[in-house]
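Source file: query-v8.txt; contents: compact mmCIF, C-alpha atoms.
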# COMPACT_ATOMS: atom_id res chain seq x y z
CA MET A 543 0.00 0.00 0.00
CA VAL A 544 1.22 3.49 -0.85
CA GLU A 545 2.36 5.41 2.19
CA ILE A 546 2.08 9.18 2.38
CA ASP A 547 4.32 10.49 5.11
CA CYS A 548 2.94 13.71 6.56
CA ARG A 549 4.90 13.51 9.79
CA GLY A 550 6.50 16.77 10.77
CA LYS A 551 4.52 18.71 8.15
CA ALA A 552 2.79 21.89 9.19
CA CYS A 553 -0.84 22.63 8.46
CA PRO A 554 -2.22 22.82 5.71
CA GLN A 555 0.45 20.63 4.12
CA PRO A 556 -1.06 17.31 5.27
CA VAL A 557 -4.50 18.21 3.88
CA LEU A 558 -2.95 19.17 0.55
CA MET A 559 -0.97 15.94 0.47
CA ALA A 560 -4.11 13.98 1.27
CA LYS A 561 -5.99 15.78 -1.49
CA GLU A 562 -3.28 15.00 -4.00
CA ALA A 563 -3.12 11.36 -2.93
CA LEU A 564 -6.90 11.05 -3.20
CA GLU A 565 -6.95 12.50 -6.68
CA ARG A 566 -4.12 10.28 -7.87
CA ALA A 567 -4.87 7.09 -5.99
CA GLY A 568 -6.23 4.27 -8.05
CA GLY A 569 -6.01 2.12 -4.90
CA GLU A 570 -5.80 2.50 -1.18
CA PHE A 571 -3.25 4.53 0.66
CA LEU A 572 -1.97 5.08 4.14
CA LEU A 573 -1.34 8.50 5.63
CA LEU A 574 1.12 8.89 8.49
CA LEU A 575 0.63 11.88 10.76
CA ASP A 576 2.06 12.93 14.09
CA ASP A 577 -0.18 15.79 15.04
CA ALA A 578 -3.69 15.40 16.48
CA SER A 579 -5.23 18.52 14.95
CA SER A 580 -3.69 17.79 11.54
CA CYS A 581 -5.12 14.30 11.82
CA GLU A 582 -8.59 15.67 12.53
CA ASN A 583 -8.38 18.12 9.63
CA VAL A 584 -7.22 15.47 7.20
CA GLU A 585 -9.83 12.97 8.37
CA ARG A 586 -12.59 15.55 8.05
CA PHE A 587 -11.37 16.51 4.60
CA LEU A 588 -11.21 12.91 3.40
CA ARG A 589 -14.67 12.07 4.74
CA ARG A 590 -16.11 15.15 3.07
CA GLN A 591 -14.69 13.80 -0.18
CA GLY A 592 -16.62 10.60 0.44
CA ALA A 593 -13.59 8.46 1.30
CA ALA A 594 -13.69 5.61 3.79
CA VAL A 595 -11.19 6.46 6.55
CA GLU A 596 -9.95 4.32 9.44
CA VAL A 597 -7.84 6.05 12.06
CA GLU A 598 -5.41 4.10 14.18
CA LYS A 599 -3.38 5.70 16.95
CA LYS A 600 0.07 4.26 17.27
CA GLY A 601 1.97 5.87 20.13
CA ARG A 602 2.29 9.51 19.14
CA GLU A 603 1.47 8.78 15.53
CA PHE A 604 -1.78 8.48 13.66
CA HIS A 605 -2.21 6.07 10.76
CA LEU A 606 -5.08 6.87 8.44
CA ARG A 607 -6.11 4.04 6.18
CA VAL A 608 -8.01 5.46 3.22
CA GLY A 609 -10.45 3.33 1.24
CA LYS A 610 -10.16 2.84 -2.51
CA GLY A 611 -12.37 2.94 -5.61
CA GLU A 612 -15.38 4.63 -4.23
CA ALA A 613 -13.23 7.27 -2.60
CA ALA A 614 -11.46 8.19 -5.81
CA GLU A 615 -14.70 8.16 -7.77
CA GLU A 616 -16.31 10.29 -5.12
CA ALA A 617 -13.40 12.71 -5.24
CA LYS A 618 -13.85 13.03 -8.98
CA ARG A 619 -17.56 13.58 -8.50
CA VAL A 620 -16.90 16.26 -5.89
CA LEU A 621 -14.41 17.89 -8.23
CA LYS A 622 -17.11 17.98 -10.87
CA SER A 623 -19.59 19.54 -8.51
CA GLU A 624 -17.14 22.32 -7.70
CA THR A 625 -18.35 25.81 -8.33
CA VAL A 626 -16.23 27.08 -11.17
CA VAL A 627 -16.75 30.71 -12.05
CA VAL A 628 -15.39 32.42 -15.15
CA TYR A 629 -14.86 36.13 -14.69
CA ILE A 630 -14.69 38.04 -17.96
CA ASN A 631 -13.86 41.71 -17.60
CA SER A 632 -13.37 42.60 -21.23
CA SER A 633 -14.84 41.70 -24.60
CA LEU A 634 -11.28 40.93 -25.67
CA LEU A 635 -9.00 38.16 -24.46
CA GLY A 636 -5.55 39.20 -23.40
CA VAL A 637 -3.71 42.45 -23.87
CA GLY A 638 -2.50 43.37 -27.33
CA ASP A 639 -4.04 43.64 -30.75
CA GLU A 640 -7.82 44.22 -30.58
CA ALA A 641 -8.78 42.09 -33.56
CA LEU A 642 -6.72 39.22 -32.19
CA GLY A 643 -8.22 39.73 -28.72
CA SER A 644 -11.70 39.42 -30.16
CA ILE A 645 -10.86 36.22 -32.03
CA LEU A 646 -9.24 34.73 -28.94
CA MET A 647 -12.30 35.50 -26.82
CA ARG A 648 -14.55 33.79 -29.37
CA SER A 649 -12.24 30.83 -29.41
CA PHE A 650 -12.00 30.73 -25.61
CA LEU A 651 -15.77 30.72 -25.08
CA LYS A 652 -16.44 28.22 -27.85
CA THR A 653 -14.06 25.77 -26.24
CA PHE A 654 -16.28 25.64 -23.15
CA VAL A 655 -19.09 24.24 -25.29
CA ASP A 656 -17.04 21.10 -25.95
CA LEU A 657 -15.80 20.72 -22.37
CA GLU A 658 -17.38 18.05 -20.26
CA GLN A 659 -17.01 20.09 -17.09
CA LYS A 660 -18.82 23.35 -17.59
CA PRO A 661 -18.40 26.33 -15.30
CA SER A 662 -21.39 27.10 -13.11
CA ARG A 663 -21.37 30.80 -13.76
CA LEU A 664 -19.92 33.26 -16.18
CA ILE A 665 -19.65 36.85 -15.04
CA LEU A 666 -19.47 39.65 -17.59
CA ILE A 667 -18.04 42.96 -16.43
CA ASN A 668 -17.17 46.24 -18.12
CA SER A 669 -16.84 45.73 -21.92
CA GLY A 670 -17.31 42.00 -21.27
CA VAL A 671 -21.08 42.69 -21.21
CA ARG A 672 -20.95 43.31 -24.96
CA LEU A 673 -20.55 39.57 -25.37
CA ALA A 674 -24.14 39.01 -24.23
CA THR A 675 -25.75 41.60 -26.49
CA GLU A 676 -27.38 41.28 -29.90
CA ASP A 677 -24.32 42.22 -31.95
CA SER A 678 -22.03 39.84 -30.11
CA PRO A 679 -19.98 37.42 -32.22
CA VAL A 680 -20.40 34.83 -29.43
CA LEU A 681 -24.11 35.20 -28.81
CA GLU A 682 -24.90 31.71 -30.12
CA THR A 683 -22.05 30.26 -28.07
CA LEU A 684 -23.31 31.91 -24.89
CA LYS A 685 -26.88 30.80 -25.63
CA CYS A 686 -25.61 27.27 -26.03
CA LEU A 687 -23.74 27.43 -22.71
CA SER A 688 -26.78 28.93 -21.04
CA GLU A 689 -28.94 26.05 -22.30
CA GLU A 690 -26.40 23.67 -20.81
CA GLY A 691 -26.90 25.21 -17.41
CA VAL A 692 -24.15 27.82 -17.28
CA GLU A 693 -25.57 30.90 -15.62
CA ILE A 694 -24.54 34.10 -17.34
CA LEU A 695 -24.52 37.28 -15.27
CA ALA A 696 -24.00 40.62 -16.96
CA CYS A 697 -23.16 43.65 -14.84
CA GLY A 698 -26.13 46.04 -14.91
CA THR A 699 -24.07 49.15 -14.29
CA CYS A 700 -21.83 48.28 -17.22
CA LEU A 701 -24.78 47.67 -19.56
CA ASP A 702 -26.19 50.98 -18.45
CA PHE A 703 -22.89 52.73 -19.08
CA TYR A 704 -22.60 51.36 -22.61
CA GLY A 705 -26.32 51.90 -23.29
CA LEU A 706 -26.79 48.19 -23.96
CA LYS A 707 -29.47 47.20 -21.44
CA GLU A 708 -32.12 46.77 -24.11
CA LYS A 709 -29.79 44.74 -26.27
CA VAL A 710 -29.04 41.89 -23.88
CA ARG A 711 -29.98 38.61 -25.56
CA VAL A 712 -28.61 36.00 -23.19
CA GLY A 713 -28.19 35.56 -19.44
CA LYS A 714 -29.48 37.93 -16.85
CA ILE A 715 -28.73 41.46 -15.80
CA SER A 716 -27.08 41.32 -12.44
CA ASN A 717 -25.75 43.58 -9.73
CA MET A 718 -22.56 43.91 -7.73
CA TYR A 719 -24.03 42.05 -4.72
CA GLU A 720 -24.70 38.95 -6.72
CA ILE A 721 -21.41 39.24 -8.58
CA VAL A 722 -19.37 39.58 -5.40
CA GLU A 723 -21.32 36.75 -3.73
CA THR A 724 -20.57 34.55 -6.71
CA LEU A 725 -16.88 35.40 -6.62
CA VAL A 726 -16.64 34.81 -2.88
CA GLY A 727 -18.57 31.53 -3.09
CA ALA A 728 -16.53 30.11 -5.98
CA ASP A 729 -14.33 27.06 -5.43
CA ARG A 730 -12.32 28.08 -8.44
CA LEU A 731 -12.21 31.31 -10.35
CA ILE A 732 -11.03 31.52 -13.93
CA ARG A 733 -10.00 34.91 -15.14
CA PRO A 734 -8.89 34.81 -18.75
CA MET B 195 -23.04 19.73 -41.45
CA ARG B 196 -20.26 22.29 -41.30
CA CYS B 197 -17.00 22.65 -43.09
CA ILE B 198 -13.84 23.63 -41.24
CA LEU B 199 -11.12 25.29 -43.28
CA LEU B 200 -7.57 25.26 -42.00
CA LEU B 201 -5.36 28.14 -43.06
CA GLY B 202 -1.71 28.95 -42.68
CA SER B 203 -1.81 31.65 -40.02
CA ILE B 204 -4.06 33.80 -37.87
CA HIS B 205 -3.47 36.71 -40.26
CA ILE B 206 -4.74 34.66 -43.17
CA VAL B 207 -7.73 33.58 -41.09
CA MET B 208 -8.58 37.23 -40.38
CA ARG B 209 -8.18 38.21 -44.01
CA SER B 210 -10.29 35.26 -45.14
CA GLU B 211 -13.05 36.01 -42.68
CA LYS B 212 -13.28 39.56 -43.96
CA LEU B 213 -13.25 38.44 -47.57
CA LEU B 214 -15.94 35.78 -47.12
CA LYS B 215 -18.16 37.97 -44.96
CA GLY B 216 -17.89 40.70 -47.59
CA GLU B 217 -19.28 38.24 -50.10
CA GLY B 218 -22.22 37.46 -47.84
CA ILE B 219 -21.05 34.04 -46.70
CA GLU B 220 -21.97 33.01 -43.17
CA VAL B 221 -18.59 32.61 -41.50
CA ASP B 222 -17.64 31.68 -37.99
CA LEU B 223 -14.21 31.44 -36.41
CA VAL B 224 -13.65 28.36 -34.25
CA PRO B 225 -10.72 26.90 -32.36
CA VAL B 226 -8.97 24.31 -34.52
CA PRO B 227 -10.56 21.06 -33.33
CA ARG B 228 -8.32 18.78 -31.26
CA GLU B 229 -9.11 15.90 -33.59
CA VAL B 230 -7.55 17.83 -36.43
CA SER B 231 -4.43 19.40 -34.95
CA SER B 232 -2.80 19.78 -31.58
CA ASP B 233 -1.60 23.28 -32.42
CA CYS B 234 -3.36 26.24 -30.93
CA GLY B 235 -5.09 27.83 -33.83
CA VAL B 236 -8.23 29.32 -35.23
CA ALA B 237 -10.06 27.90 -38.22
CA ILE B 238 -12.83 29.11 -40.49
CA ASP B 239 -16.19 27.44 -40.16
CA VAL B 240 -18.66 27.70 -43.05
CA PRO B 241 -21.90 25.86 -43.75
CA LEU B 242 -21.38 22.88 -46.05
CA GLU B 243 -23.52 24.44 -48.78
CA SER B 244 -21.17 27.46 -48.92
CA ARG B 245 -18.05 25.32 -49.12
CA LYS B 246 -17.54 25.43 -52.88
CA THR B 247 -18.20 29.16 -53.13
CA ALA B 248 -15.95 29.87 -50.16
CA LEU B 249 -13.10 27.80 -51.58
CA ALA B 250 -13.45 29.49 -54.95
CA LEU B 251 -13.47 32.96 -53.37
CA LEU B 252 -10.40 32.20 -51.29
CA GLU B 253 -8.56 30.85 -54.29
CA LYS B 254 -9.48 33.96 -56.25
CA GLY B 255 -8.17 36.05 -53.35
CA GLY B 256 -4.86 34.22 -53.48
CA ILE B 257 -5.44 32.41 -50.21
CA SER B 258 -4.50 28.77 -50.06
CA VAL B 259 -6.47 26.47 -47.83
CA LEU B 260 -4.32 23.90 -46.04
CA ALA B 261 -7.10 21.44 -45.41
CA CYS B 262 -10.84 21.19 -45.35
CA PHE B 263 -12.64 19.05 -42.80
CA LEU B 264 -16.28 18.11 -42.65
CA LYS B 265 -17.82 18.22 -39.23
CA GLY B 266 -20.83 16.08 -38.61
CA ASN B 267 -21.99 14.30 -35.46
CA GLY B 268 -18.89 15.54 -33.66
CA ARG B 269 -16.61 13.66 -36.07
CA PHE B 270 -14.23 15.01 -38.61
CA GLU B 271 -13.45 13.76 -42.06
CA LYS B 272 -10.99 15.24 -44.40
CA GLY B 273 -12.92 16.61 -47.34
Exercise: express the given structure as structure tokens:
Amino acid sequence: MVEIDCRGKACPQPVLMAKEALERAGGEFLLLLDDASSCENVERFLRRQGAAVEVEKKGREFHLRVGKGEAAEEAKRVLKSETVVVYINSSLLGVGDEALGSILMRSFLKTFVDLEQKPSRLILINSGVRLATEDSPVLETLKCLSEEGVEILACGTCLDFYGLKEKVRVGKISNMYEIVETLVGADRLIRP
Amino acid sequence: MRCILLLGSIHIVMRSEKLLKGEGIEVDLVPVPREVSSDCGVAIDVPLESRKTALALLEKGGISVLACFLKGNGRFEKG
């Protein structure tokens, strides 16, 4: 059985090591710890990921036996249910030539359509709101993502600024409260 | 059914898009599909029915098309 030695490691190192082991493990693994609070944190983390954990105290050490199969599958499932938020603050992707930036943004968003794991939300800020309006070159792409369950939030203030409120054709007009809540609640944030 | 045209560079893609759009052809730019090439690139996507016209227009404009793929049911065939 694979042994992961977390002895002498300071928090949050053991949890990170456990996470990595869980993601990689095709089989079972054993975690060695020598700190009670680290042990609790790691155990709690592993259980939350759906893993079967057996804790054995050996002198000053803790041996955590982590179950296989189910645990790894569960971890993958949890990973999939992560809240991934894409934060788009411009209608262009990257800094440089505008025409290229526009093409790259189209390409970037279209790639999400083919991805198995879709983000949960897409936030459009500043000139990014143009992407959700009637003249957008990615309107069909965004509609497609929206149909697949990706929530598209366009900043209301920005639409107002650009005079585009009436031209929104996909997603919903949102406000800073919802946007900030979404950002704070995200497991992962993608900012192209 | 769509037709994906691979071109030599992003500059040629941009020029081709402008040319085809100017001639009233429905054009879309798409990432080069993974099945086709592992390079990061952008390709031209036209409806199958516009394929012949598009190819003729590009040829007339001095633009050479590297390859043409047909996209149907998520699969690609060289066409």
Have a look at CA of Val584 (chain A) and CA of Glu598 (chain A) and let me know their distance in Å, one decimal.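 Taking CA of Val584 (chain A) as the start and CA of Glu598 (chain A) as the end point, the length is 13.5 Å.
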What's the 10 Å shell around region 642-647 of chain A, counting all atoms listed in the file, without same-chain residues fewer than 3 positions away, as number ranges by chain? A: 630, 632-639, 650-653, 670, 673, 679-680, 734; B: 204-205, 207-208, 223-225, 235-236
Mind pulling up the distance from CA of Asp677 (chain A) to CA of Glu689 (chain A)? 19.4 Å
Go ahead and compute the interatomic distance for CA of Met543 (chain A) and CA of Lys599 (chain A), in Å to one decimal. 18.2 Å
Using all atoms listed in the file, which of B:Lys272, B:Arg209, B:Arg245, B:Lys254 sits nearest chain A?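 Smallest separation from chain A among the options: B:Arg209.
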Please reconstruct the missing atoms of region 677-703 of chain A (target: N, CA and C atoms) and return them as an mmCIF file, in the coordinates of the input.
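And here's result_4.cif as it stands now:
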data_model
loop_
_atom_site.group_PDB
_atom_site.id
_atom_site.type_symbol
_atom_site.label_atom_id
_atom_site.label_comp_id
_atom_site.auth_asym_id
_atom_site.auth_seq_id
_atom_site.Cartn_x
_atom_site.Cartn_y
_atom_site.Cartn_z
ATOM 1 N N ASP A 677 -25.342 42.187 -30.903
ATOM 2 C CA ASP A 677 -24.320 42.220 -31.950
ATOM 3 C C ASP A 677 -23.100 41.368 -31.628
ATOM 4 N N SER A 678 -23.190 40.615 -30.546
ATOM 5 C CA SER A 678 -22.030 39.840 -30.110
ATOM 6 C C SER A 678 -21.673 38.707 -31.070
ATOM 7 N N PRO A 679 -20.387 38.536 -31.350
ATOM 8 C CA PRO A 679 -19.980 37.420 -32.220
ATOM 9 C C PRO A 679 -20.083 36.067 -31.496
ATOM 10 N N VAL A 680 -20.308 36.101 -30.165
ATOM 11 C CA VAL A 680 -20.400 34.830 -29.430
ATOM 12 C C VAL A 680 -21.792 34.607 -28.831
ATOM 13 N N LEU A 681 -22.765 35.327 -29.362
ATOM 14 C CA LEU A 681 -24.110 35.200 -28.810
ATOM 15 C C LEU A 681 -24.608 33.750 -28.848
ATOM 16 N N GLU A 682 -24.430 33.101 -29.993
ATOM 17 C CA GLU A 682 -24.900 31.710 -30.120
ATOM 18 C C GLU A 682 -24.159 30.802 -29.145
ATOM 19 N N THR A 683 -22.861 31.065 -28.993
ATOM 20 C CA THR A 683 -22.050 30.260 -28.070
ATOM 21 C C THR A 683 -22.575 30.421 -26.643
ATOM 22 N N LEU A 684 -22.824 31.658 -26.245
ATOM 23 C CA LEU A 684 -23.310 31.910 -24.890
ATOM 24 C C LEU A 684 -24.706 31.310 -24.698
ATOM 25 N N LYS A 685 -25.532 31.381 -25.728
ATOM 26 C CA LYS A 685 -26.880 30.800 -25.630
ATOM 27 C C LYS A 685 -26.770 29.295 -25.410
ATOM 28 N N CYS A 686 -25.833 28.709 -26.130
ATOM 29 C CA CYS A 686 -25.610 27.270 -26.030
ATOM 30 C C CYS A 686 -25.154 26.911 -24.613
ATOM 31 N N LEU A 687 -24.226 27.682 -24.070
ATOM 32 C CA LEU A 687 -23.740 27.430 -22.710
ATOM 33 C C LEU A 687 -24.872 27.620 -21.695
ATOM 34 N N SER A 688 -25.673 28.639 -21.932
ATOM 35 C CA SER A 688 -26.780 28.930 -21.040
ATOM 36 C C SER A 688 -27.776 27.757 -21.031
ATOM 37 N N GLU A 689 -28.035 27.200 -22.212
ATOM 38 C CA GLU A 689 -28.940 26.050 -22.300
ATOM 39 C C GLU A 689 -28.376 24.837 -21.570
ATOM 40 N N GLU A 690 -27.051 24.792 -21.488
ATOM 41 C CA GLU A 690 -26.400 23.670 -20.810
ATOM 42 C C GLU A 690 -26.265 23.907 -19.309
ATOM 43 N N GLY A 691 -26.872 24.976 -18.848
ATOM 44 C CA GLY A 691 -26.900 25.210 -17.410
ATOM 45 C C GLY A 691 -25.888 26.204 -16.870
ATOM 46 N N VAL A 692 -25.104 26.814 -17.746
ATOM 47 C CA VAL A 692 -24.150 27.820 -17.280
ATOM 48 C C VAL A 692 -24.917 29.129 -17.096
ATOM 49 N N GLU A 693 -24.865 29.656 -15.886
ATOM 50 C CA GLU A 693 -25.570 30.900 -15.620
ATOM 51 C C GLU A 693 -24.723 32.079 -16.063
ATOM 52 N N ILE A 694 -25.303 32.956 -16.845
ATOM 53 C CA ILE A 694 -24.540 34.100 -17.340
ATOM 54 C C ILE A 694 -25.052 35.373 -16.673
ATOM 55 N N LEU A 695 -24.143 36.049 -15.977
ATOM 56 C CA LEU A 695 -24.520 37.280 -15.270
ATOM 57 C C LEU A 695 -23.816 38.463 -15.918
ATOM 58 N N ALA A 696 -24.597 39.417 -16.367
ATOM 59 C CA ALA A 696 -24.000 40.620 -16.960
ATOM 60 C C ALA A 696 -24.189 41.786 -16.007
ATOM 61 N N CYS A 697 -23.137 42.512 -15.773
ATOM 62 C CA CYS A 697 -23.160 43.650 -14.840
ATOM 63 C C CYS A 697 -24.114 44.736 -15.342
ATOM 64 N N GLY A 698 -25.119 45.059 -14.537
ATOM 65 C CA GLY A 698 -26.130 46.040 -14.910
ATOM 66 C C GLY A 698 -25.564 47.438 -15.096
ATOM 67 N N THR A 699 -24.673 47.812 -14.201
ATOM 68 C CA THR A 699 -24.070 49.150 -14.290
ATOM 69 C C THR A 699 -23.323 49.298 -15.612
ATOM 70 N N CYS A 700 -22.625 48.237 -15.993
ATOM 71 C CA CYS A 700 -21.830 48.280 -17.220
ATOM 72 C C CYS A 700 -22.744 48.385 -18.443
ATOM 73 N N LEU A 701 -23.836 47.615 -18.435
ATOM 74 C CA LEU A 701 -24.780 47.670 -19.560
ATOM 75 C C LEU A 701 -25.361 49.072 -19.663
ATOM 76 N N ASP A 702 -25.642 49.642 -18.507
ATOM 77 C CA ASP A 702 -26.190 50.980 -18.450
ATOM 78 C C ASP A 702 -25.183 51.978 -19.043
ATOM 79 N N PHE A 703 -23.948 51.836 -18.618
ATOM 80 C CA PHE A 703 -22.890 52.730 -19.080
ATOM 81 C C PHE A 703 -22.765 52.707 -20.611
#
